[in-house]
>>> print(open('target-v1.cif').read())   # mmCIF, N, CA and C atoms
data_entry
loop_
_atom_site.label_atom_id
_atom_site.label_comp_id
_atom_site.auth_asym_id
_atom_site.auth_seq_id
_atom_site.Cartn_x
_atom_site.Cartn_y
_atom_site.Cartn_z
N MET A 1 9.92 2.20 -35.16
CA MET A 1 8.76 2.96 -34.75
C MET A 1 8.35 3.96 -35.82
N LYS A 2 9.34 4.55 -36.46
CA LYS A 2 9.08 5.53 -37.51
C LYS A 2 8.35 4.87 -38.68
N LYS A 3 8.75 3.62 -39.03
CA LYS A 3 8.10 2.90 -40.12
C LYS A 3 6.65 2.57 -39.78
N VAL A 4 6.39 2.28 -38.52
CA VAL A 4 5.01 1.97 -38.09
C VAL A 4 4.14 3.22 -38.24
N LEU A 5 4.64 4.36 -37.83
CA LEU A 5 3.89 5.60 -37.95
C LEU A 5 3.64 5.96 -39.41
N ILE A 6 4.63 5.77 -40.24
CA ILE A 6 4.47 6.06 -41.67
C ILE A 6 3.42 5.12 -42.27
N PHE A 7 3.36 3.89 -41.82
CA PHE A 7 2.37 2.94 -42.32
C PHE A 7 0.96 3.29 -41.81
N LEU A 8 0.86 3.68 -40.55
CA LEU A 8 -0.44 3.94 -39.95
C LEU A 8 -1.06 5.27 -40.37
N LEU A 9 -0.26 6.23 -40.73
CA LEU A 9 -0.76 7.54 -41.12
C LEU A 9 -1.75 7.44 -42.29
N PRO A 10 -1.41 6.77 -43.40
CA PRO A 10 -2.40 6.66 -44.48
C PRO A 10 -3.64 5.87 -44.07
N VAL A 11 -3.48 4.89 -43.21
CA VAL A 11 -4.63 4.12 -42.74
C VAL A 11 -5.60 5.03 -42.02
N PHE A 12 -5.11 5.88 -41.15
CA PHE A 12 -5.98 6.80 -40.41
C PHE A 12 -6.57 7.86 -41.33
N LEU A 13 -5.82 8.32 -42.27
CA LEU A 13 -6.30 9.38 -43.14
C LEU A 13 -7.36 8.91 -44.14
N PHE A 14 -7.24 7.70 -44.62
CA PHE A 14 -8.12 7.25 -45.70
C PHE A 14 -9.13 6.18 -45.29
N SER A 15 -9.07 5.70 -44.07
CA SER A 15 -10.00 4.64 -43.68
C SER A 15 -11.29 5.18 -43.09
N CYS A 16 -11.32 6.38 -42.63
CA CYS A 16 -12.53 6.94 -42.01
C CYS A 16 -13.39 7.60 -43.08
N GLU A 17 -14.64 7.27 -43.03
CA GLU A 17 -15.57 7.89 -43.96
C GLU A 17 -16.07 9.19 -43.32
N PRO A 18 -16.03 10.30 -44.05
CA PRO A 18 -16.52 11.56 -43.47
C PRO A 18 -18.04 11.51 -43.34
N TYR A 19 -18.55 12.32 -42.41
CA TYR A 19 -20.00 12.40 -42.25
C TYR A 19 -20.60 12.97 -43.51
N LYS A 20 -21.70 12.36 -43.93
CA LYS A 20 -22.40 12.84 -45.12
C LYS A 20 -23.80 13.26 -44.72
N PHE A 21 -24.09 14.51 -44.95
CA PHE A 21 -25.43 15.00 -44.70
C PHE A 21 -26.17 15.00 -46.03
N ILE A 22 -27.25 14.26 -46.07
CA ILE A 22 -28.02 14.08 -47.29
C ILE A 22 -28.99 15.25 -47.45
N TYR A 23 -29.05 15.80 -48.65
CA TYR A 23 -30.01 16.85 -48.94
C TYR A 23 -31.40 16.26 -48.82
N ASN A 24 -32.27 16.97 -48.12
CA ASN A 24 -33.62 16.48 -47.92
C ASN A 24 -34.57 17.66 -47.98
N SER A 25 -35.67 17.48 -48.65
CA SER A 25 -36.68 18.52 -48.75
C SER A 25 -38.04 17.91 -48.45
N ASN A 26 -38.77 18.52 -47.55
CA ASN A 26 -40.10 18.04 -47.19
C ASN A 26 -41.11 19.17 -47.34
N LEU A 27 -42.30 18.82 -47.73
CA LEU A 27 -43.38 19.78 -47.86
C LEU A 27 -44.60 19.22 -47.17
N ALA A 28 -45.21 20.00 -46.32
CA ALA A 28 -46.43 19.58 -45.65
C ALA A 28 -47.47 20.67 -45.82
N VAL A 29 -48.62 20.31 -46.34
CA VAL A 29 -49.73 21.23 -46.51
C VAL A 29 -50.91 20.66 -45.73
N VAL A 30 -51.48 21.47 -44.87
CA VAL A 30 -52.66 21.05 -44.11
C VAL A 30 -53.84 21.84 -44.63
N ASP A 31 -54.84 21.15 -45.15
CA ASP A 31 -56.04 21.77 -45.72
C ASP A 31 -57.11 21.86 -44.64
N TYR A 32 -57.48 23.08 -44.27
CA TYR A 32 -58.53 23.28 -43.27
C TYR A 32 -59.92 23.27 -43.90
N GLY A 33 -59.99 23.23 -45.23
CA GLY A 33 -61.26 23.29 -45.95
C GLY A 33 -62.31 22.28 -45.50
N PRO A 34 -61.94 21.00 -45.36
CA PRO A 34 -62.95 20.02 -44.93
C PRO A 34 -63.56 20.34 -43.56
N TYR A 35 -62.83 21.03 -42.71
CA TYR A 35 -63.33 21.35 -41.38
C TYR A 35 -64.16 22.62 -41.39
N THR A 36 -63.71 23.63 -42.14
CA THR A 36 -64.48 24.87 -42.22
C THR A 36 -65.81 24.64 -42.94
N SER A 37 -65.84 23.72 -43.89
CA SER A 37 -67.11 23.42 -44.58
C SER A 37 -68.11 22.76 -43.63
N LYS A 38 -67.64 22.20 -42.52
CA LYS A 38 -68.52 21.59 -41.52
C LYS A 38 -68.84 22.58 -40.39
N GLY A 39 -68.42 23.85 -40.55
CA GLY A 39 -68.70 24.86 -39.54
C GLY A 39 -67.69 24.91 -38.40
N PHE A 40 -66.55 24.28 -38.58
CA PHE A 40 -65.51 24.26 -37.56
C PHE A 40 -64.48 25.32 -37.91
N PHE A 41 -64.14 26.18 -36.96
CA PHE A 41 -63.21 27.28 -37.19
C PHE A 41 -61.81 26.89 -36.73
N ILE A 42 -60.81 27.10 -37.59
CA ILE A 42 -59.42 26.82 -37.23
C ILE A 42 -58.55 28.00 -37.65
N THR A 43 -57.72 28.47 -36.72
CA THR A 43 -56.76 29.51 -37.07
C THR A 43 -55.50 29.35 -36.22
N GLU A 44 -54.38 29.73 -36.81
CA GLU A 44 -53.12 29.74 -36.09
C GLU A 44 -52.93 31.04 -35.33
N SER A 45 -53.78 32.00 -35.60
CA SER A 45 -53.71 33.29 -34.91
C SER A 45 -54.14 33.12 -33.45
N PRO A 46 -53.47 33.82 -32.53
CA PRO A 46 -53.86 33.71 -31.12
C PRO A 46 -55.10 34.55 -30.77
N SER A 47 -55.53 35.42 -31.69
CA SER A 47 -56.72 36.23 -31.41
C SER A 47 -57.63 36.25 -32.63
N VAL A 48 -58.92 36.44 -32.38
CA VAL A 48 -59.92 36.48 -33.44
C VAL A 48 -60.82 37.68 -33.24
N SER A 49 -61.59 38.04 -34.25
CA SER A 49 -62.41 39.25 -34.20
C SER A 49 -63.85 38.99 -33.77
N PHE A 50 -64.12 37.84 -33.18
CA PHE A 50 -65.47 37.54 -32.71
C PHE A 50 -65.40 37.03 -31.27
N GLU A 51 -66.53 37.03 -30.61
CA GLU A 51 -66.57 36.56 -29.23
C GLU A 51 -66.67 35.04 -29.21
N TYR A 52 -66.03 34.46 -28.21
CA TYR A 52 -66.06 33.01 -28.07
C TYR A 52 -65.94 32.64 -26.59
N THR A 53 -66.27 31.41 -26.31
CA THR A 53 -66.09 30.86 -24.97
C THR A 53 -64.96 29.86 -25.02
N PRO A 54 -63.92 30.05 -24.21
CA PRO A 54 -62.83 29.07 -24.22
C PRO A 54 -63.30 27.77 -23.56
N ILE A 55 -63.05 26.66 -24.21
CA ILE A 55 -63.41 25.35 -23.68
C ILE A 55 -62.23 24.74 -22.93
N GLY A 56 -61.04 24.83 -23.51
CA GLY A 56 -59.85 24.30 -22.86
C GLY A 56 -58.73 24.10 -23.85
N SER A 57 -57.56 23.82 -23.34
CA SER A 57 -56.42 23.52 -24.19
C SER A 57 -56.54 22.09 -24.71
N VAL A 58 -56.11 21.90 -25.93
CA VAL A 58 -56.16 20.58 -26.53
C VAL A 58 -54.86 20.34 -27.28
N SER A 59 -54.34 19.14 -27.19
CA SER A 59 -53.13 18.80 -27.94
C SER A 59 -53.16 17.34 -28.34
N VAL A 60 -52.47 17.08 -29.44
CA VAL A 60 -52.37 15.73 -29.99
C VAL A 60 -50.90 15.46 -30.24
N VAL A 61 -50.45 14.27 -29.84
CA VAL A 61 -49.09 13.83 -30.13
C VAL A 61 -49.19 12.55 -30.94
N LEU A 62 -48.64 12.57 -32.14
CA LEU A 62 -48.58 11.39 -33.00
C LEU A 62 -47.12 10.98 -33.13
N GLN A 63 -46.85 9.70 -32.99
CA GLN A 63 -45.50 9.19 -33.15
C GLN A 63 -45.49 8.12 -34.23
N SER A 64 -44.56 8.22 -35.15
CA SER A 64 -44.42 7.20 -36.19
C SER A 64 -44.10 5.86 -35.54
N GLY A 65 -44.60 4.79 -36.15
CA GLY A 65 -44.30 3.47 -35.61
C GLY A 65 -45.18 2.40 -36.23
N TYR A 66 -45.00 1.18 -35.77
CA TYR A 66 -45.79 0.06 -36.26
C TYR A 66 -47.14 0.04 -35.55
N GLU A 67 -48.21 -0.16 -36.31
CA GLU A 67 -49.53 -0.31 -35.73
C GLU A 67 -49.63 -1.65 -35.02
N ILE A 68 -50.37 -1.70 -33.96
CA ILE A 68 -50.61 -2.95 -33.25
C ILE A 68 -51.90 -3.54 -33.81
N LYS A 69 -51.79 -4.71 -34.43
CA LYS A 69 -52.96 -5.40 -34.99
C LYS A 69 -53.75 -6.10 -33.90
N SER A 70 -53.05 -6.83 -33.05
CA SER A 70 -53.69 -7.52 -31.94
C SER A 70 -52.67 -7.70 -30.83
N GLN A 71 -53.20 -7.86 -29.64
CA GLN A 71 -52.31 -7.99 -28.50
C GLN A 71 -52.94 -8.97 -27.50
N SER A 72 -52.16 -9.94 -27.10
CA SER A 72 -52.60 -10.87 -26.07
C SER A 72 -51.64 -10.78 -24.91
N LYS A 73 -51.84 -11.62 -23.93
CA LYS A 73 -51.00 -11.58 -22.73
C LYS A 73 -49.52 -11.78 -23.04
N ASN A 74 -49.22 -12.69 -23.97
CA ASN A 74 -47.82 -13.03 -24.25
C ASN A 74 -47.30 -12.59 -25.61
N LYS A 75 -48.17 -12.06 -26.46
CA LYS A 75 -47.72 -11.77 -27.82
C LYS A 75 -48.42 -10.54 -28.39
N THR A 76 -47.63 -9.77 -29.14
CA THR A 76 -48.16 -8.62 -29.85
C THR A 76 -47.93 -8.82 -31.33
N ASN A 77 -48.98 -8.67 -32.12
CA ASN A 77 -48.87 -8.77 -33.57
C ASN A 77 -48.87 -7.35 -34.15
N TYR A 78 -47.84 -7.06 -34.92
CA TYR A 78 -47.69 -5.72 -35.47
C TYR A 78 -48.12 -5.68 -36.93
N GLY A 79 -48.65 -4.53 -37.31
CA GLY A 79 -49.05 -4.31 -38.70
C GLY A 79 -48.00 -3.51 -39.43
N ASP A 80 -48.46 -2.65 -40.31
CA ASP A 80 -47.57 -1.84 -41.14
C ASP A 80 -47.03 -0.64 -40.37
N TRP A 81 -45.92 -0.11 -40.86
CA TRP A 81 -45.33 1.12 -40.34
C TRP A 81 -46.20 2.29 -40.78
N ARG A 82 -46.48 3.21 -39.85
CA ARG A 82 -47.23 4.43 -40.19
C ARG A 82 -46.42 5.64 -39.77
N ASN A 83 -46.25 6.55 -40.70
CA ASN A 83 -45.59 7.81 -40.39
C ASN A 83 -46.58 8.77 -39.75
N ALA A 84 -46.12 9.54 -38.80
CA ALA A 84 -46.94 10.59 -38.21
C ALA A 84 -47.14 11.67 -39.26
N LEU A 85 -48.40 12.03 -39.54
CA LEU A 85 -48.73 13.02 -40.56
C LEU A 85 -49.54 14.16 -39.95
N TYR A 86 -49.33 15.37 -40.46
CA TYR A 86 -50.07 16.53 -39.99
C TYR A 86 -51.57 16.34 -40.15
N LYS A 87 -52.00 15.81 -41.29
CA LYS A 87 -53.44 15.67 -41.55
C LYS A 87 -54.09 14.72 -40.54
N ASP A 88 -53.38 13.68 -40.12
CA ASP A 88 -53.91 12.77 -39.11
C ASP A 88 -54.00 13.46 -37.75
N ALA A 89 -53.01 14.28 -37.44
CA ALA A 89 -53.01 15.00 -36.16
C ALA A 89 -54.17 16.00 -36.11
N ILE A 90 -54.42 16.71 -37.21
CA ILE A 90 -55.53 17.67 -37.26
C ILE A 90 -56.86 16.94 -37.14
N GLU A 91 -56.99 15.79 -37.78
CA GLU A 91 -58.23 15.01 -37.70
C GLU A 91 -58.51 14.59 -36.25
N LEU A 92 -57.48 14.12 -35.55
CA LEU A 92 -57.66 13.75 -34.14
C LEU A 92 -58.01 14.96 -33.28
N LEU A 93 -57.36 16.09 -33.54
CA LEU A 93 -57.64 17.31 -32.80
C LEU A 93 -59.09 17.74 -33.02
N TYR A 94 -59.53 17.69 -34.26
CA TYR A 94 -60.91 18.05 -34.62
C TYR A 94 -61.91 17.17 -33.86
N LYS A 95 -61.69 15.86 -33.88
CA LYS A 95 -62.61 14.93 -33.19
C LYS A 95 -62.63 15.18 -31.68
N LYS A 96 -61.47 15.44 -31.10
CA LYS A 96 -61.39 15.69 -29.67
C LYS A 96 -62.12 16.99 -29.31
N CYS A 97 -62.00 18.00 -30.14
CA CYS A 97 -62.69 19.26 -29.89
C CYS A 97 -64.21 19.06 -29.94
N LEU A 98 -64.69 18.31 -30.93
CA LEU A 98 -66.13 18.06 -31.04
C LEU A 98 -66.64 17.31 -29.80
N GLU A 99 -65.86 16.34 -29.33
CA GLU A 99 -66.25 15.59 -28.12
C GLU A 99 -66.40 16.52 -26.92
N GLY A 100 -65.60 17.55 -26.85
CA GLY A 100 -65.64 18.48 -25.73
C GLY A 100 -66.62 19.62 -25.92
N GLY A 101 -67.37 19.62 -27.02
CA GLY A 101 -68.36 20.65 -27.26
C GLY A 101 -67.82 21.89 -27.95
N ALA A 102 -66.61 21.83 -28.46
CA ALA A 102 -66.02 22.99 -29.15
C ALA A 102 -66.35 22.94 -30.63
N ASN A 103 -66.37 24.11 -31.25
CA ASN A 103 -66.55 24.18 -32.70
C ASN A 103 -65.47 25.04 -33.35
N GLY A 104 -64.32 25.11 -32.68
CA GLY A 104 -63.21 25.85 -33.24
C GLY A 104 -61.94 25.70 -32.41
N VAL A 105 -60.84 26.11 -33.02
CA VAL A 105 -59.53 26.12 -32.35
C VAL A 105 -58.82 27.41 -32.74
N VAL A 106 -58.31 28.13 -31.74
CA VAL A 106 -57.47 29.30 -32.01
C VAL A 106 -56.08 29.03 -31.46
N GLY A 107 -55.12 29.75 -32.00
CA GLY A 107 -53.73 29.60 -31.54
C GLY A 107 -53.15 28.24 -31.88
N LEU A 108 -53.55 27.69 -33.01
CA LEU A 108 -53.08 26.37 -33.41
C LEU A 108 -51.57 26.41 -33.65
N LYS A 109 -50.86 25.44 -33.07
CA LYS A 109 -49.40 25.37 -33.22
C LYS A 109 -49.01 23.97 -33.63
N TYR A 110 -48.00 23.90 -34.49
CA TYR A 110 -47.44 22.63 -34.94
C TYR A 110 -46.00 22.52 -34.45
N ASN A 111 -45.62 21.31 -34.07
CA ASN A 111 -44.23 21.06 -33.72
C ASN A 111 -43.86 19.70 -34.30
N TYR A 112 -42.82 19.67 -35.11
CA TYR A 112 -42.35 18.43 -35.71
C TYR A 112 -41.02 18.08 -35.08
N ILE A 113 -40.92 16.86 -34.57
CA ILE A 113 -39.67 16.37 -33.98
C ILE A 113 -39.15 15.28 -34.90
N PRO A 114 -38.05 15.53 -35.61
CA PRO A 114 -37.56 14.55 -36.59
C PRO A 114 -37.04 13.28 -35.96
N GLU A 115 -36.98 12.25 -36.77
CA GLU A 115 -36.48 10.95 -36.33
C GLU A 115 -34.98 11.01 -36.08
N VAL A 116 -34.56 10.39 -35.00
CA VAL A 116 -33.14 10.29 -34.67
C VAL A 116 -32.85 8.84 -34.31
N ARG A 117 -31.79 8.29 -34.87
CA ARG A 117 -31.41 6.91 -34.58
C ARG A 117 -29.93 6.84 -34.24
N LYS A 118 -29.57 5.81 -33.53
CA LYS A 118 -28.15 5.55 -33.29
C LYS A 118 -27.53 5.13 -34.61
N ASP A 119 -26.39 5.70 -34.93
CA ASP A 119 -25.63 5.38 -36.14
C ASP A 119 -26.45 5.58 -37.41
N ASP A 120 -27.33 6.55 -37.41
CA ASP A 120 -28.14 6.84 -38.59
C ASP A 120 -27.22 7.35 -39.71
N ALA A 121 -27.46 6.91 -40.90
CA ALA A 121 -26.63 7.32 -42.03
C ALA A 121 -26.72 8.82 -42.28
N TYR A 122 -27.82 9.44 -41.85
CA TYR A 122 -27.98 10.87 -42.09
C TYR A 122 -27.34 11.71 -40.99
N THR A 123 -27.41 11.24 -39.75
CA THR A 123 -26.97 12.08 -38.65
C THR A 123 -25.69 11.61 -37.99
N LYS A 124 -25.36 10.33 -38.11
CA LYS A 124 -24.15 9.76 -37.51
C LYS A 124 -24.06 10.06 -36.02
N ILE A 125 -25.14 9.83 -35.30
CA ILE A 125 -25.12 10.01 -33.85
C ILE A 125 -24.43 8.80 -33.24
N GLU A 126 -23.44 9.04 -32.43
CA GLU A 126 -22.60 7.97 -31.89
C GLU A 126 -22.82 7.76 -30.40
N SER A 127 -24.04 7.79 -29.93
CA SER A 127 -24.29 7.53 -28.52
C SER A 127 -25.05 6.22 -28.36
N ASN A 128 -25.17 5.73 -27.17
CA ASN A 128 -25.77 4.42 -26.94
C ASN A 128 -27.29 4.48 -26.93
N GLY A 129 -27.90 3.66 -27.77
CA GLY A 129 -29.33 3.40 -27.71
C GLY A 129 -30.25 4.53 -28.08
N ILE A 130 -29.84 5.51 -28.85
CA ILE A 130 -30.76 6.57 -29.23
C ILE A 130 -31.57 6.11 -30.44
N ILE A 131 -32.84 5.86 -30.21
CA ILE A 131 -33.76 5.56 -31.31
C ILE A 131 -35.06 6.28 -30.97
N SER A 132 -35.43 7.25 -31.77
CA SER A 132 -36.64 8.02 -31.51
C SER A 132 -37.37 8.27 -32.82
N PRO A 133 -38.52 7.65 -33.02
CA PRO A 133 -39.29 7.91 -34.24
C PRO A 133 -39.77 9.35 -34.29
N SER A 134 -40.07 9.82 -35.48
CA SER A 134 -40.54 11.19 -35.63
C SER A 134 -41.90 11.37 -34.95
N LYS A 135 -42.12 12.59 -34.48
CA LYS A 135 -43.37 12.93 -33.80
C LYS A 135 -43.91 14.23 -34.35
N ILE A 136 -45.22 14.35 -34.29
CA ILE A 136 -45.89 15.60 -34.62
C ILE A 136 -46.76 15.96 -33.42
N ILE A 137 -46.62 17.18 -32.97
CA ILE A 137 -47.42 17.68 -31.86
C ILE A 137 -48.23 18.87 -32.37
N VAL A 138 -49.54 18.80 -32.20
CA VAL A 138 -50.44 19.87 -32.61
C VAL A 138 -51.24 20.29 -31.38
N SER A 139 -51.28 21.60 -31.12
CA SER A 139 -51.99 22.07 -29.94
C SER A 139 -52.66 23.41 -30.21
N GLY A 140 -53.61 23.74 -29.37
CA GLY A 140 -54.31 25.01 -29.47
C GLY A 140 -55.35 25.13 -28.37
N MET A 141 -56.18 26.18 -28.46
CA MET A 141 -57.24 26.36 -27.49
C MET A 141 -58.57 26.08 -28.17
N ALA A 142 -59.29 25.09 -27.62
CA ALA A 142 -60.62 24.76 -28.13
C ALA A 142 -61.60 25.84 -27.68
N ILE A 143 -62.45 26.28 -28.61
CA ILE A 143 -63.41 27.35 -28.32
C ILE A 143 -64.82 26.98 -28.79
N LYS A 144 -65.78 27.71 -28.25
CA LYS A 144 -67.17 27.60 -28.72
C LYS A 144 -67.53 28.98 -29.24
N LYS A 145 -67.82 29.06 -30.55
CA LYS A 145 -68.19 30.35 -31.16
C LYS A 145 -69.60 30.75 -30.75
#
>>> encode(input="target-v1.cif", output="structure tokens")
Amino acid sequence: MKKVLIFLLPVFLFSCEPYKFIYNSNLAVVDYGPYTSKGFFITESPSVSFEYTPIGSVSVVLQSGYEIKSQSKNKTNYGDWRNALYKDAIELLYKKCLEGGANGVVGLKYNYIPEVRKDDAYTKIESNGIISPSKIIVSGMAIKK
């Protein structure tokens, strides 16, 4: 028994790979210039120095994933993978505000939910079936100046 333990000890000590967290750096810049040049007001501040009429709360949720090219009763054809991007979320928010008669957004908030996968090389999550693509959530209050 002692010989078995002596044999197994190095196997346990050297066979497991330690978790490796990969250095990662991301930068996201959202340019409000194209919207302000069209007369649309955007601010992350919850208050402004002018009078406005609140139209309503607005939010956009984008999730990374494969685009659907076509879909029939029995088959779905997928296109390319698209990452959720801040600029796409702002564009959707802008269009939705215009549809509702708003010309601005105050209290703009961003929330990024990173991608998590089962047995991901970066996170080593060891639970069953966890696969969640990254998401971006952008919300605020639509206003009429």
>>> atom_distance(input="target-v1.cif", atom1="CA of Thr76 in chain A", atom2="atom C of Gln63 in chain A")
17.5 Å
>>> closest_residue(input="target-v1.cif", among="A:Ile68, A:Ile136, A:Leu27, A:Ile143", to="Ala102 in chain A", atoms="only C-alpha atoms")
A:Ile143
>>> atom_distance(input="target-v1.cif", atom1="atom N of Leu62 in chain A", atom2="atom C of Lys96 in chain A")
14.5 Å
>>> residues_around(input="target-v1.cif", residues="range 56-61 of chain A", least_positions_apart="3", cutoff="9 Å", atoms="only C-alpha atoms", output="PDB file with N, CA and C atoms, keeping the file's coordinate frame")
ATOM      1  N   ALA A  84     -46.120   9.540 -38.800  1.00  0.00           N
ATOM      2  CA  ALA A  84     -46.940  10.590 -38.210  1.00  0.00           C
ATOM      3  C   ALA A  84     -47.140  11.670 -39.260  1.00  0.00           C
ATOM      4  N   ALA A  89     -53.010  14.280 -37.440  1.00  0.00           N
ATOM      5  CA  ALA A  89     -53.010  15.000 -36.160  1.00  0.00           C
ATOM      6  C   ALA A  89     -54.170  16.000 -36.110  1.00  0.00           C
ATOM      7  N   ILE A  90     -54.420  16.710 -37.210  1.00  0.00           N
ATOM      8  CA  ILE A  90     -55.530  17.670 -37.260  1.00  0.00           C
ATOM      9  C   ILE A  90     -56.860  16.940 -37.140  1.00  0.00           C
ATOM     10  N   LEU A  92     -57.480  14.120 -35.550  1.00  0.00           N
ATOM     11  CA  LEU A  92     -57.660  13.750 -34.140  1.00  0.00           C
ATOM     12  C   LEU A  92     -58.010  14.960 -33.280  1.00  0.00           C
ATOM     13  N   LEU A  93     -57.360  16.090 -33.540  1.00  0.00           N
ATOM     14  CA  LEU A  93     -57.640  17.310 -32.800  1.00  0.00           C
ATOM     15  C   LEU A  93     -59.090  17.740 -33.020  1.00  0.00           C
ATOM     16  N   LYS A  96     -61.470  15.440 -31.100  1.00  0.00           N
ATOM     17  CA  LYS A  96     -61.390  15.690 -29.670  1.00  0.00           C
ATOM     18  C   LYS A  96     -62.120  16.990 -29.310  1.00  0.00           C
ATOM     19  N   CYS A  97     -62.000  18.000 -30.140  1.00  0.00           N
ATOM     20  CA  CYS A  97     -62.690  19.260 -29.890  1.00  0.00           C
ATOM     21  C   CYS A  97     -64.210  19.060 -29.940  1.00  0.00           C
ATOM     22  N   GLY A 100     -65.600  17.550 -26.850  1.00  0.00           N
ATOM     23  CA  GLY A 100     -65.640  18.480 -25.730  1.00  0.00           C
ATOM     24  C   GLY A 100     -66.620  19.620 -25.920  1.00  0.00           C
ATOM     25  N   ALA A 102     -66.610  21.830 -28.460  1.00  0.00           N
ATOM     26  CA  ALA A 102     -66.020  22.990 -29.150  1.00  0.00           C
ATOM     27  C   ALA A 102     -66.350  22.940 -30.630  1.00  0.00           C
ATOM     28  N   VAL A 105     -60.840  26.110 -33.020  1.00  0.00           N
ATOM     29  CA  VAL A 105     -59.530  26.120 -32.350  1.00  0.00           C
ATOM     30  C   VAL A 105     -58.820  27.410 -32.740  1.00  0.00           C
ATOM     31  N   LYS A 135     -42.120  12.590 -34.480  1.00  0.00           N
ATOM     32  CA  LYS A 135     -43.370  12.930 -33.800  1.00  0.00           C
ATOM     33  C   LYS A 135     -43.910  14.230 -34.350  1.00  0.00           C
ATOM     34  N   ILE A 136     -45.220  14.350 -34.290  1.00  0.00           N
ATOM     35  CA  ILE A 136     -45.890  15.600 -34.620  1.00  0.00           C
ATOM     36  C   ILE A 136     -46.760  15.960 -33.420  1.00  0.00           C
ATOM     37  N   ILE A 137     -46.620  17.180 -32.970  1.00  0.00           N
ATOM     38  CA  ILE A 137     -47.420  17.680 -31.860  1.00  0.00           C
ATOM     39  C   ILE A 137     -48.230  18.870 -32.370  1.00  0.00           C
ATOM     40  N   VAL A 138     -49.540  18.800 -32.200  1.00  0.00           N
ATOM     41  CA  VAL A 138     -50.440  19.870 -32.610  1.00  0.00           C
ATOM     42  C   VAL A 138     -51.240  20.290 -31.380  1.00  0.00           C
ATOM     43  N   SER A 139     -51.280  21.600 -31.120  1.00  0.00           N
ATOM     44  CA  SER A 139     -51.990  22.070 -29.940  1.00  0.00           C
ATOM     45  C   SER A 139     -52.660  23.410 -30.210  1.00  0.00           C
ATOM     46  N   GLY A 140     -53.610  23.740 -29.370  1.00  0.00           N
ATOM     47  CA  GLY A 140     -54.310  25.010 -29.470  1.00  0.00           C
ATOM     48  C   GLY A 140     -55.350  25.130 -28.370  1.00  0.00           C
ATOM     49  N   MET A 141     -56.180  26.180 -28.460  1.00  0.00           N
ATOM     50  CA  MET A 141     -57.240  26.360 -27.490  1.00  0.00           C
ATOM     51  C   MET A 141     -58.570  26.080 -28.170  1.00  0.00           C
ATOM     52  N   ALA A 142     -59.290  25.090 -27.620  1.00  0.00           N
ATOM     53  CA  ALA A 142     -60.620  24.760 -28.130  1.00  0.00           C
ATOM     54  C   ALA A 142     -61.600  25.840 -27.680  1.00  0.00           C
ATOM     55  N   ILE A 143     -62.450  26.280 -28.610  1.00  0.00           N
ATOM     56  CA  ILE A 143     -63.410  27.350 -28.320  1.00  0.00           C
ATOM     57  C   ILE A 143     -64.820  26.980 -28.790  1.00  0.00           C
TER      58      ILE A 143
END
>>> atom_distance(input="target-v1.cif", atom1="CA of Glu115 in chain A", atom2="atom C of Ser64 in chain A")
9.2 Å
>>> closest_residue(input="target-v1.cif", among="A:Glu67, A:Asp80, A:Glu91, A:Glu51", to="Tyr35 in chain A", atoms="only C-alpha atoms")
A:Glu91
>>> resolve_selection(input="target-v1.cif", expression="the PyMOL selection byres ((chain A and resi 145) around 6)", output="JSON, numbers by chain")
{"A": [51, 52, 53, 103, 104, 143, 144]}
>>> resolve_selection(input="target-v1.cif", expression="the PyMOL selection byres ((chain A and resi 46) around 7)", output="MDAnalysis selection string")
chainID A and resid 43:45 47:48 106:108
>>> write_last_selection(input="target-v1.cif", atoms="N, CA and C atoms", output="CSV table (one decimal), keeping the file's coordinate frame")
chain,number,residue,atom,x,y,z
A,43,THR,N,-57.7,28.5,-36.7
A,43,THR,CA,-56.8,29.5,-37.1
A,43,THR,C,-55.5,29.4,-36.2
A,44,GLU,N,-54.4,29.7,-36.8
A,44,GLU,CA,-53.1,29.7,-36.1
A,44,GLU,C,-52.9,31.0,-35.3
A,45,SER,N,-53.8,32.0,-35.6
A,45,SER,CA,-53.7,33.3,-34.9
A,45,SER,C,-54.1,33.1,-33.4
A,47,SER,N,-55.5,35.4,-31.7
A,47,SER,CA,-56.7,36.2,-31.4
A,47,SER,C,-57.6,36.2,-32.6
A,48,VAL,N,-58.9,36.4,-32.4
A,48,VAL,CA,-59.9,36.5,-33.4
A,48,VAL,C,-60.8,37.7,-33.2
A,106,VAL,N,-58.3,28.1,-31.7
A,106,VAL,CA,-57.5,29.3,-32.0
A,106,VAL,C,-56.1,29.0,-31.5
A,107,GLY,N,-55.1,29.8,-32.0
A,107,GLY,CA,-53.7,29.6,-31.5
A,107,GLY,C,-53.2,28.2,-31.9
A,108,LEU,N,-53.6,27.7,-33.0
A,108,LEU,CA,-53.1,26.4,-33.4
A,108,LEU,C,-51.6,26.4,-33.6
>>> select_by_dssp(input="target-v1.cif", residues="range 24-86 of chain A", states="helix (DSSP H, G or I)", output="PyMOL selection string")
chain A and resi 33-36+86
>>> write_last_selection(input="target-v1.cif", atoms="N, CA and C atoms", output="compact mmCIF listing (two decimals), in the frame of the given file")
# COMPACT_ATOMS: atom_id res chain seq x y z
N GLY A 33 -59.99 23.23 -45.23
CA GLY A 33 -61.26 23.29 -45.95
C GLY A 33 -62.31 22.28 -45.50
N PRO A 34 -61.94 21.00 -45.36
CA PRO A 34 -62.95 20.02 -44.93
C PRO A 34 -63.56 20.34 -43.56
N TYR A 35 -62.83 21.03 -42.71
CA TYR A 35 -63.33 21.35 -41.38
C TYR A 35 -64.16 22.62 -41.39
N THR A 36 -63.71 23.63 -42.14
CA THR A 36 -64.48 24.87 -42.22
C THR A 36 -65.81 24.64 -42.94
N TYR A 86 -49.33 15.37 -40.46
CA TYR A 86 -50.07 16.53 -39.99
C TYR A 86 -51.57 16.34 -40.15
>>> select_by_dssp(input="target-v1.cif", residues="range 40-131 of chain A", states="strand (DSSP E)", output="JSON, numbers by chain")
{"A": [41, 42, 53, 54, 55, 56, 57, 58, 59, 60, 61, 62, 63, 65, 66, 67, 68, 69, 70, 71, 76, 77, 78, 79, 80, 81, 82, 104, 105, 106, 107, 108, 109, 110, 111, 112, 113, 116, 117, 131]}
